[in-house]
Structures are given as structure tokens and as C-alpha cells.
$ cat model_18.cif   # mmCIF, C-alpha atoms
data_work
loop_
_atom_site.group_PDB
_atom_site.id
_atom_site.type_symbol
_atom_site.label_atom_id
_atom_site.label_comp_id
_atom_site.auth_asym_id
_atom_site.auth_seq_id
_atom_site.Cartn_x
_atom_site.Cartn_y
_atom_site.Cartn_z
ATOM 1 C CA MET A 1 -46.828 -22.693 13.349
ATOM 2 C CA ALA A 2 -48.911 -24.432 15.968
ATOM 3 C CA ILE A 3 -49.918 -22.330 18.941
ATOM 4 C CA LYS A 4 -48.449 -24.908 21.334
ATOM 5 C CA LYS A 5 -45.028 -24.620 19.675
ATOM 6 C CA GLN A 6 -45.240 -20.814 19.712
ATOM 7 C CA PHE A 7 -46.212 -20.812 23.367
ATOM 8 C CA LEU A 8 -43.279 -23.089 24.236
ATOM 9 C CA LYS A 9 -40.907 -20.771 22.382
ATOM 10 C CA PHE A 10 -42.522 -17.810 24.148
ATOM 11 C CA ILE A 11 -41.850 -19.555 27.479
ATOM 12 C CA VAL A 12 -38.175 -20.078 26.560
ATOM 13 C CA VAL A 13 -37.793 -16.418 25.601
ATOM 14 C CA GLY A 14 -39.848 -15.538 28.659
ATOM 15 C CA PHE A 15 -37.468 -17.472 30.886
ATOM 16 C CA PHE A 16 -34.586 -15.427 29.494
ATOM 17 C CA SER A 17 -36.539 -12.168 29.796
ATOM 18 C CA THR A 18 -37.720 -13.073 33.293
ATOM 19 C CA THR A 19 -34.154 -13.808 34.343
ATOM 20 C CA VAL A 20 -33.163 -10.342 33.141
ATOM 21 C CA ASN A 21 -36.283 -8.828 34.757
ATOM 22 C CA TYR A 22 -35.921 -10.484 38.147
ATOM 23 C CA SER A 23 -32.132 -10.057 38.313
ATOM 24 C CA PHE A 24 -32.499 -6.356 37.615
ATOM 25 C CA PHE A 25 -35.323 -6.074 40.190
ATOM 26 C CA TYR A 26 -33.352 -7.995 42.831
ATOM 27 C CA LEU A 27 -30.209 -5.940 42.304
ATOM 28 C CA LEU A 28 -32.087 -2.645 42.579
ATOM 29 C CA TYR A 29 -34.302 -3.706 45.485
ATOM 30 C CA GLU A 30 -31.937 -5.783 47.618
ATOM 31 C CA PHE A 31 -28.568 -4.187 46.982
ATOM 32 C CA LEU A 32 -29.391 -0.592 46.111
ATOM 33 C CA GLY A 33 -32.466 -0.179 48.314
ATOM 34 C CA ILE A 34 -34.705 1.099 45.513
ATOM 35 C CA TYR A 35 -38.448 1.096 46.335
ATOM 36 C CA TYR A 36 -39.889 -2.254 45.207
ATOM 37 C CA LEU A 37 -42.390 -0.844 42.690
ATOM 38 C CA ILE A 38 -39.696 1.210 40.967
ATOM 39 C CA ALA A 39 -37.305 -1.737 41.036
ATOM 40 C CA ALA A 40 -39.994 -4.039 39.614
ATOM 41 C CA ALA A 41 -40.928 -1.579 36.848
ATOM 42 C CA SER A 42 -37.263 -1.145 35.925
ATOM 43 C CA GLY A 43 -36.738 -4.896 35.811
ATOM 44 C CA PHE A 44 -39.878 -5.307 33.735
ATOM 45 C CA ILE A 45 -38.642 -2.793 31.158
ATOM 46 C CA ALA A 46 -35.218 -4.456 31.001
ATOM 47 C CA GLY A 47 -36.876 -7.832 30.421
ATOM 48 C CA VAL A 48 -39.130 -6.479 27.671
ATOM 49 C CA LEU A 49 -36.173 -4.945 25.870
ATOM 50 C CA ALA A 50 -34.256 -8.209 26.171
ATOM 51 C CA GLY A 51 -37.081 -10.298 24.708
ATOM 52 C CA TYR A 52 -38.418 -8.294 21.752
ATOM 53 C CA GLY A 53 -36.033 -9.501 19.049
ATOM 54 C CA PHE A 54 -36.188 -13.127 20.154
ATOM 55 C CA ASN A 55 -39.978 -13.117 20.238
ATOM 56 C CA LYS A 56 -40.289 -11.374 16.901
ATOM 57 C CA LYS A 57 -37.873 -13.532 14.948
ATOM 58 C CA TRP A 58 -37.773 -16.872 16.742
ATOM 59 C CA THR A 59 -41.105 -17.265 18.530
ATOM 60 C CA PHE A 60 -43.379 -15.783 15.878
ATOM 61 C CA GLY A 61 -41.112 -16.049 12.803
ATOM 62 C CA ILE A 62 -41.489 -12.420 11.702
ATOM 63 C CA LYS A 63 -38.678 -11.439 9.341
ATOM 64 C CA GLU A 64 -39.670 -7.999 8.073
ATOM 65 C CA THR A 65 -38.897 -4.856 9.992
ATOM 66 C CA THR A 66 -41.724 -2.437 10.623
ATOM 67 C CA ARG A 67 -42.387 0.111 13.296
ATOM 68 C CA ASN A 68 -45.957 -1.157 13.535
ATOM 69 C CA TYR A 69 -44.714 -4.295 15.318
ATOM 70 C CA VAL A 70 -42.557 -2.295 17.699
ATOM 71 C CA TYR A 71 -45.347 0.098 18.642
ATOM 72 C CA LYS A 72 -47.909 -2.642 19.198
ATOM 73 C CA TYR A 73 -45.407 -4.788 21.121
ATOM 74 C CA TYR A 74 -44.582 -1.970 23.498
ATOM 75 C CA ILE A 75 -48.238 -0.958 23.898
ATOM 76 C CA ILE A 76 -48.985 -4.518 25.062
ATOM 77 C CA TYR A 77 -46.118 -4.338 27.518
ATOM 78 C CA VAL A 78 -47.008 -0.870 28.819
ATOM 79 C CA VAL A 79 -50.505 -2.144 29.601
ATOM 80 C CA SER A 80 -48.936 -5.225 31.166
ATOM 81 C CA LEU A 81 -46.572 -3.072 33.225
ATOM 82 C CA ILE A 82 -49.438 -0.988 34.602
ATOM 83 C CA LEU A 83 -51.442 -4.121 35.386
ATOM 84 C CA SER A 84 -48.447 -5.758 37.043
ATOM 85 C CA MET A 85 -47.807 -2.731 39.269
ATOM 86 C CA PHE A 86 -51.385 -2.889 40.559
ATOM 87 C CA ILE A 87 -51.151 -6.637 41.136
ATOM 88 C CA LEU A 88 -47.775 -6.322 42.843
ATOM 89 C CA GLU A 89 -48.952 -3.534 45.131
ATOM 90 C CA PHE A 90 -52.092 -5.514 46.023
ATOM 91 C CA LEU A 91 -50.132 -8.688 46.802
ATOM 92 C CA VAL A 92 -47.694 -6.798 49.026
ATOM 93 C CA SER A 93 -49.975 -4.297 50.782
ATOM 94 C CA GLN A 94 -53.215 -6.278 51.019
ATOM 95 C CA ILE A 95 -52.172 -9.929 51.032
ATOM 96 C CA GLY A 96 -48.914 -9.405 52.930
ATOM 97 C CA LEU A 97 -46.522 -11.184 50.575
ATOM 98 C CA THR A 98 -42.912 -10.087 50.403
ATOM 99 C CA PRO A 99 -42.040 -8.047 47.299
ATOM 100 C CA GLU A 100 -39.739 -10.842 46.097
ATOM 101 C CA ILE A 101 -42.503 -13.488 46.125
ATOM 102 C CA ALA A 102 -45.220 -11.112 44.925
ATOM 103 C CA ASN A 103 -43.068 -10.087 41.970
ATOM 104 C CA LEU A 104 -42.546 -13.708 40.933
ATOM 105 C CA LEU A 105 -46.309 -14.345 41.026
ATOM 106 C CA THR A 106 -46.961 -11.171 39.064
ATOM 107 C CA ILE A 107 -44.419 -12.156 36.412
ATOM 108 C CA GLY A 108 -46.122 -15.538 36.052
ATOM 109 C CA PHE A 109 -49.531 -13.943 35.530
ATOM 110 C CA THR A 110 -48.350 -11.349 33.031
ATOM 111 C CA THR A 111 -46.498 -13.988 31.003
ATOM 112 C CA ILE A 112 -49.854 -15.486 30.033
ATOM 113 C CA THR A 113 -51.554 -12.157 29.324
ATOM 114 C CA ASN A 114 -48.548 -10.965 27.310
ATOM 115 C CA PHE A 115 -48.592 -14.062 25.098
ATOM 116 C CA ILE A 116 -52.288 -13.643 24.402
ATOM 117 C CA GLY A 117 -51.864 -9.952 23.542
ATOM 118 C CA ILE A 118 -48.824 -10.472 21.345
ATOM 119 C CA LYS A 119 -50.329 -13.456 19.535
ATOM 120 C CA ALA A 120 -53.712 -11.806 18.965
ATOM 121 C CA TRP A 121 -52.638 -8.258 18.133
ATOM 122 C CA VAL A 122 -48.947 -7.840 17.407
ATOM 123 C CA PHE A 123 -47.629 -10.886 15.536
ATOM 124 C CA LYS A 124 -50.846 -12.336 14.107
ATOM 125 C CA VAL A 125 -49.346 -15.434 12.503
#

$ encode --input "model_18.cif" --output "C-alpha cells"
Amino acid sequence: MAIKKQFLKFIVVGFFSTTVNYSFFYLLYEFLGIYYLIAAASGFIAGVLAGYGFNKKWTFGIKETTRNYVYKYYIIYVVSLILSMFILEFLVSQIGLTPEIANLLTIGFTTITNFIGIKAWVFKV
């Protein structure tokens, strides 16, 4: 499958996952008053869980079930989560953005890095 087609599918799944991520973040941060980094990390995890199956089967066309994929997928996202927390904290505390805007920018950045990591290491198709 062409990388452009895979990336477009990844964006579609990413839109779904980001909707889950940001909705979860917004609910925790705005309505429950949870600290923005904890709310963002929780949303991130919810989005990752929501997107795994779609990315595996639809985006990258992987049919077999193996723990190797799961472990690598979640390693990529743990690294991405750590990176995103640093970026988010920097954008809020040093640049002065609101957590809502900073989180959207962070999600955009990690979408690209996640695709590269998943394509190159997890689902090498």
C-alpha cells in the first residue's frame, strides 16, 4: 500500500482517536478540574486505546494477532506520551498558551511522530 494512502488512513483513525483524546481531556480538565497534564495524559491513553485496532487492521492491513505488535505499538505511544507532556508543559509554562490550545498543538505534532514510528517499527508493511 502506498505511504500516502496509509498516511491518509492514519489521519482518519487519528481524527477519531483525537476526538476521543481531546473529549476526555476537556471533560477532565474543564468539568472535573483535573490538573491539565493529568487530564492530557488520560485523554492521550484513551485515544491510543481507541485507535489501535483500526490502525492495525485498516490503516496498515495487519491481519494476524501477535503480542509483538501490541508491545511495539504501546512503546511508541509511551515515548510519544512522555514527549507530549514535555511539549505541553513548555507551551503552557514558557510560551503562555492555554492548556486547551497547547494540547491541540501537541496532538498535531505527535500525530506525525506517531505515524513515522508505527510505520517504521511496528507495522513495517

$ resolve_selection --input "model_18.cif" --expression "the PyMOL selection byres ((chain A and resi 104-113) around 7)" --output "count of residues only"
12

$ axis_aligned_box --input "model_18.cif" --around "range 73-88 of chain A" --padding-each-side "3 Å" --output "lines of an AutoDock Vina configuration file"
center_x = -48.0
center_y = -3.8
center_z = 32.0
size_x = 12.9
size_y = 11.8
size_z = 27.7

$ closest_residue --input "model_18.cif" --among "A:Leu32, A:Ile3, A:Ala39, A:Ile45" --to "Tyr74 in chain A" --atoms "only C-alpha atoms"
A:Ile45

$ residues_around --input "model_18.cif" --residues "Phe86 in chain A" --least-positions-apart "3" --cutoff "12 Å" --atoms "all atoms listed in the file" --output "VMD selection string"
chain A and resid 37 40 to 41 79 to 83 89 to 94 102 to 103 106 110

$ residues_around --input "model_18.cif" --residues "Val122 in chain A" --least-positions-apart "6" --cutoff "8 Å" --atoms "all atoms listed in the file" --output "list in words"
Tyr69, Lys72 and Tyr73 of chain A

$ build_atoms --input "model_18.cif" --residues "range 65-84 of chain A" --atoms "N, CA and C atoms" --output "PDB file, in the frame of the given file"
ATOM      1  N   THR A  65     -39.043  -5.882   8.969  1.00  0.00           N
ATOM      2  CA  THR A  65     -38.897  -4.856   9.992  1.00  0.00           C
ATOM      3  C   THR A  65     -39.936  -3.775   9.736  1.00  0.00           C
ATOM      4  N   THR A  66     -40.737  -3.505  10.729  1.00  0.00           N
ATOM      5  CA  THR A  66     -41.724  -2.437  10.623  1.00  0.00           C
ATOM      6  C   THR A  66     -41.959  -1.845  12.002  1.00  0.00           C
ATOM      7  N   ARG A  67     -42.139  -0.558  12.023  1.00  0.00           N
ATOM      8  CA  ARG A  67     -42.387   0.111  13.296  1.00  0.00           C
ATOM      9  C   ARG A  67     -43.718  -0.309  13.906  1.00  0.00           C
ATOM     10  N   ASN A  68     -44.648  -0.738  13.064  1.00  0.00           N
ATOM     11  CA  ASN A  68     -45.957  -1.157  13.535  1.00  0.00           C
ATOM     12  C   ASN A  68     -45.826  -2.258  14.591  1.00  0.00           C
ATOM     13  N   TYR A  69     -44.938  -3.227  14.346  1.00  0.00           N
ATOM     14  CA  TYR A  69     -44.714  -4.295  15.318  1.00  0.00           C
ATOM     15  C   TYR A  69     -44.167  -3.731  16.629  1.00  0.00           C
ATOM     16  N   VAL A  70     -43.195  -2.857  16.500  1.00  0.00           N
ATOM     17  CA  VAL A  70     -42.557  -2.295  17.699  1.00  0.00           C
ATOM     18  C   VAL A  70     -43.574  -1.540  18.539  1.00  0.00           C
ATOM     19  N   TYR A  71     -44.363  -0.687  17.900  1.00  0.00           N
ATOM     20  CA  TYR A  71     -45.347   0.098  18.642  1.00  0.00           C
ATOM     21  C   TYR A  71     -46.367  -0.796  19.344  1.00  0.00           C
ATOM     22  N   LYS A  72     -46.917  -1.751  18.602  1.00  0.00           N
ATOM     23  CA  LYS A  72     -47.909  -2.642  19.198  1.00  0.00           C
ATOM     24  C   LYS A  72     -47.306  -3.478  20.324  1.00  0.00           C
ATOM     25  N   TYR A  73     -46.092  -3.975  20.110  1.00  0.00           N
ATOM     26  CA  TYR A  73     -45.407  -4.788  21.121  1.00  0.00           C
ATOM     27  C   TYR A  73     -45.264  -4.001  22.421  1.00  0.00           C
ATOM     28  N   TYR A  74     -44.790  -2.768  22.298  1.00  0.00           N
ATOM     29  CA  TYR A  74     -44.582  -1.970  23.498  1.00  0.00           C
ATOM     30  C   TYR A  74     -45.888  -1.479  24.113  1.00  0.00           C
ATOM     31  N   ILE A  75     -46.926  -1.297  23.323  1.00  0.00           N
ATOM     32  CA  ILE A  75     -48.238  -0.958  23.898  1.00  0.00           C
ATOM     33  C   ILE A  75     -48.723  -2.120  24.772  1.00  0.00           C
ATOM     34  N   ILE A  76     -48.597  -3.342  24.262  1.00  0.00           N
ATOM     35  CA  ILE A  76     -48.985  -4.518  25.062  1.00  0.00           C
ATOM     36  C   ILE A  76     -48.221  -4.514  26.376  1.00  0.00           C
ATOM     37  N   TYR A  77     -46.929  -4.274  26.307  1.00  0.00           N
ATOM     38  CA  TYR A  77     -46.118  -4.338  27.518  1.00  0.00           C
ATOM     39  C   TYR A  77     -46.314  -3.147  28.454  1.00  0.00           C
ATOM     40  N   VAL A  78     -46.686  -2.001  27.937  1.00  0.00           N
ATOM     41  CA  VAL A  78     -47.008  -0.870  28.819  1.00  0.00           C
ATOM     42  C   VAL A  78     -48.280  -1.191  29.609  1.00  0.00           C
ATOM     43  N   VAL A  79     -49.280  -1.731  28.914  1.00  0.00           N
ATOM     44  CA  VAL A  79     -50.505  -2.144  29.601  1.00  0.00           C
ATOM     45  C   VAL A  79     -50.183  -3.217  30.642  1.00  0.00           C
ATOM     46  N   SER A  80     -49.342  -4.160  30.250  1.00  0.00           N
ATOM     47  CA  SER A  80     -48.936  -5.225  31.166  1.00  0.00           C
ATOM     48  C   SER A  80     -48.172  -4.671  32.374  1.00  0.00           C
ATOM     49  N   LEU A  81     -47.316  -3.691  32.135  1.00  0.00           N
ATOM     50  CA  LEU A  81     -46.572  -3.072  33.225  1.00  0.00           C
ATOM     51  C   LEU A  81     -47.514  -2.402  34.224  1.00  0.00           C
ATOM     52  N   ILE A  82     -48.476  -1.657  33.714  1.00  0.00           N
ATOM     53  CA  ILE A  82     -49.438  -0.988  34.602  1.00  0.00           C
ATOM     54  C   ILE A  82     -50.225  -2.024  35.401  1.00  0.00           C
ATOM     55  N   LEU A  83     -50.706  -3.046  34.715  1.00  0.00           N
ATOM     56  CA  LEU A  83     -51.442  -4.121  35.386  1.00  0.00           C
ATOM     57  C   LEU A  83     -50.570  -4.799  36.443  1.00  0.00           C
ATOM     58  N   SER A  84     -49.330  -5.070  36.099  1.00  0.00           N
ATOM     59  CA  SER A  84     -48.447  -5.758  37.043  1.00  0.00           C
ATOM     60  C   SER A  84     -48.137  -4.908  38.274  1.00  0.00           C
TER      61      SER A  84
END
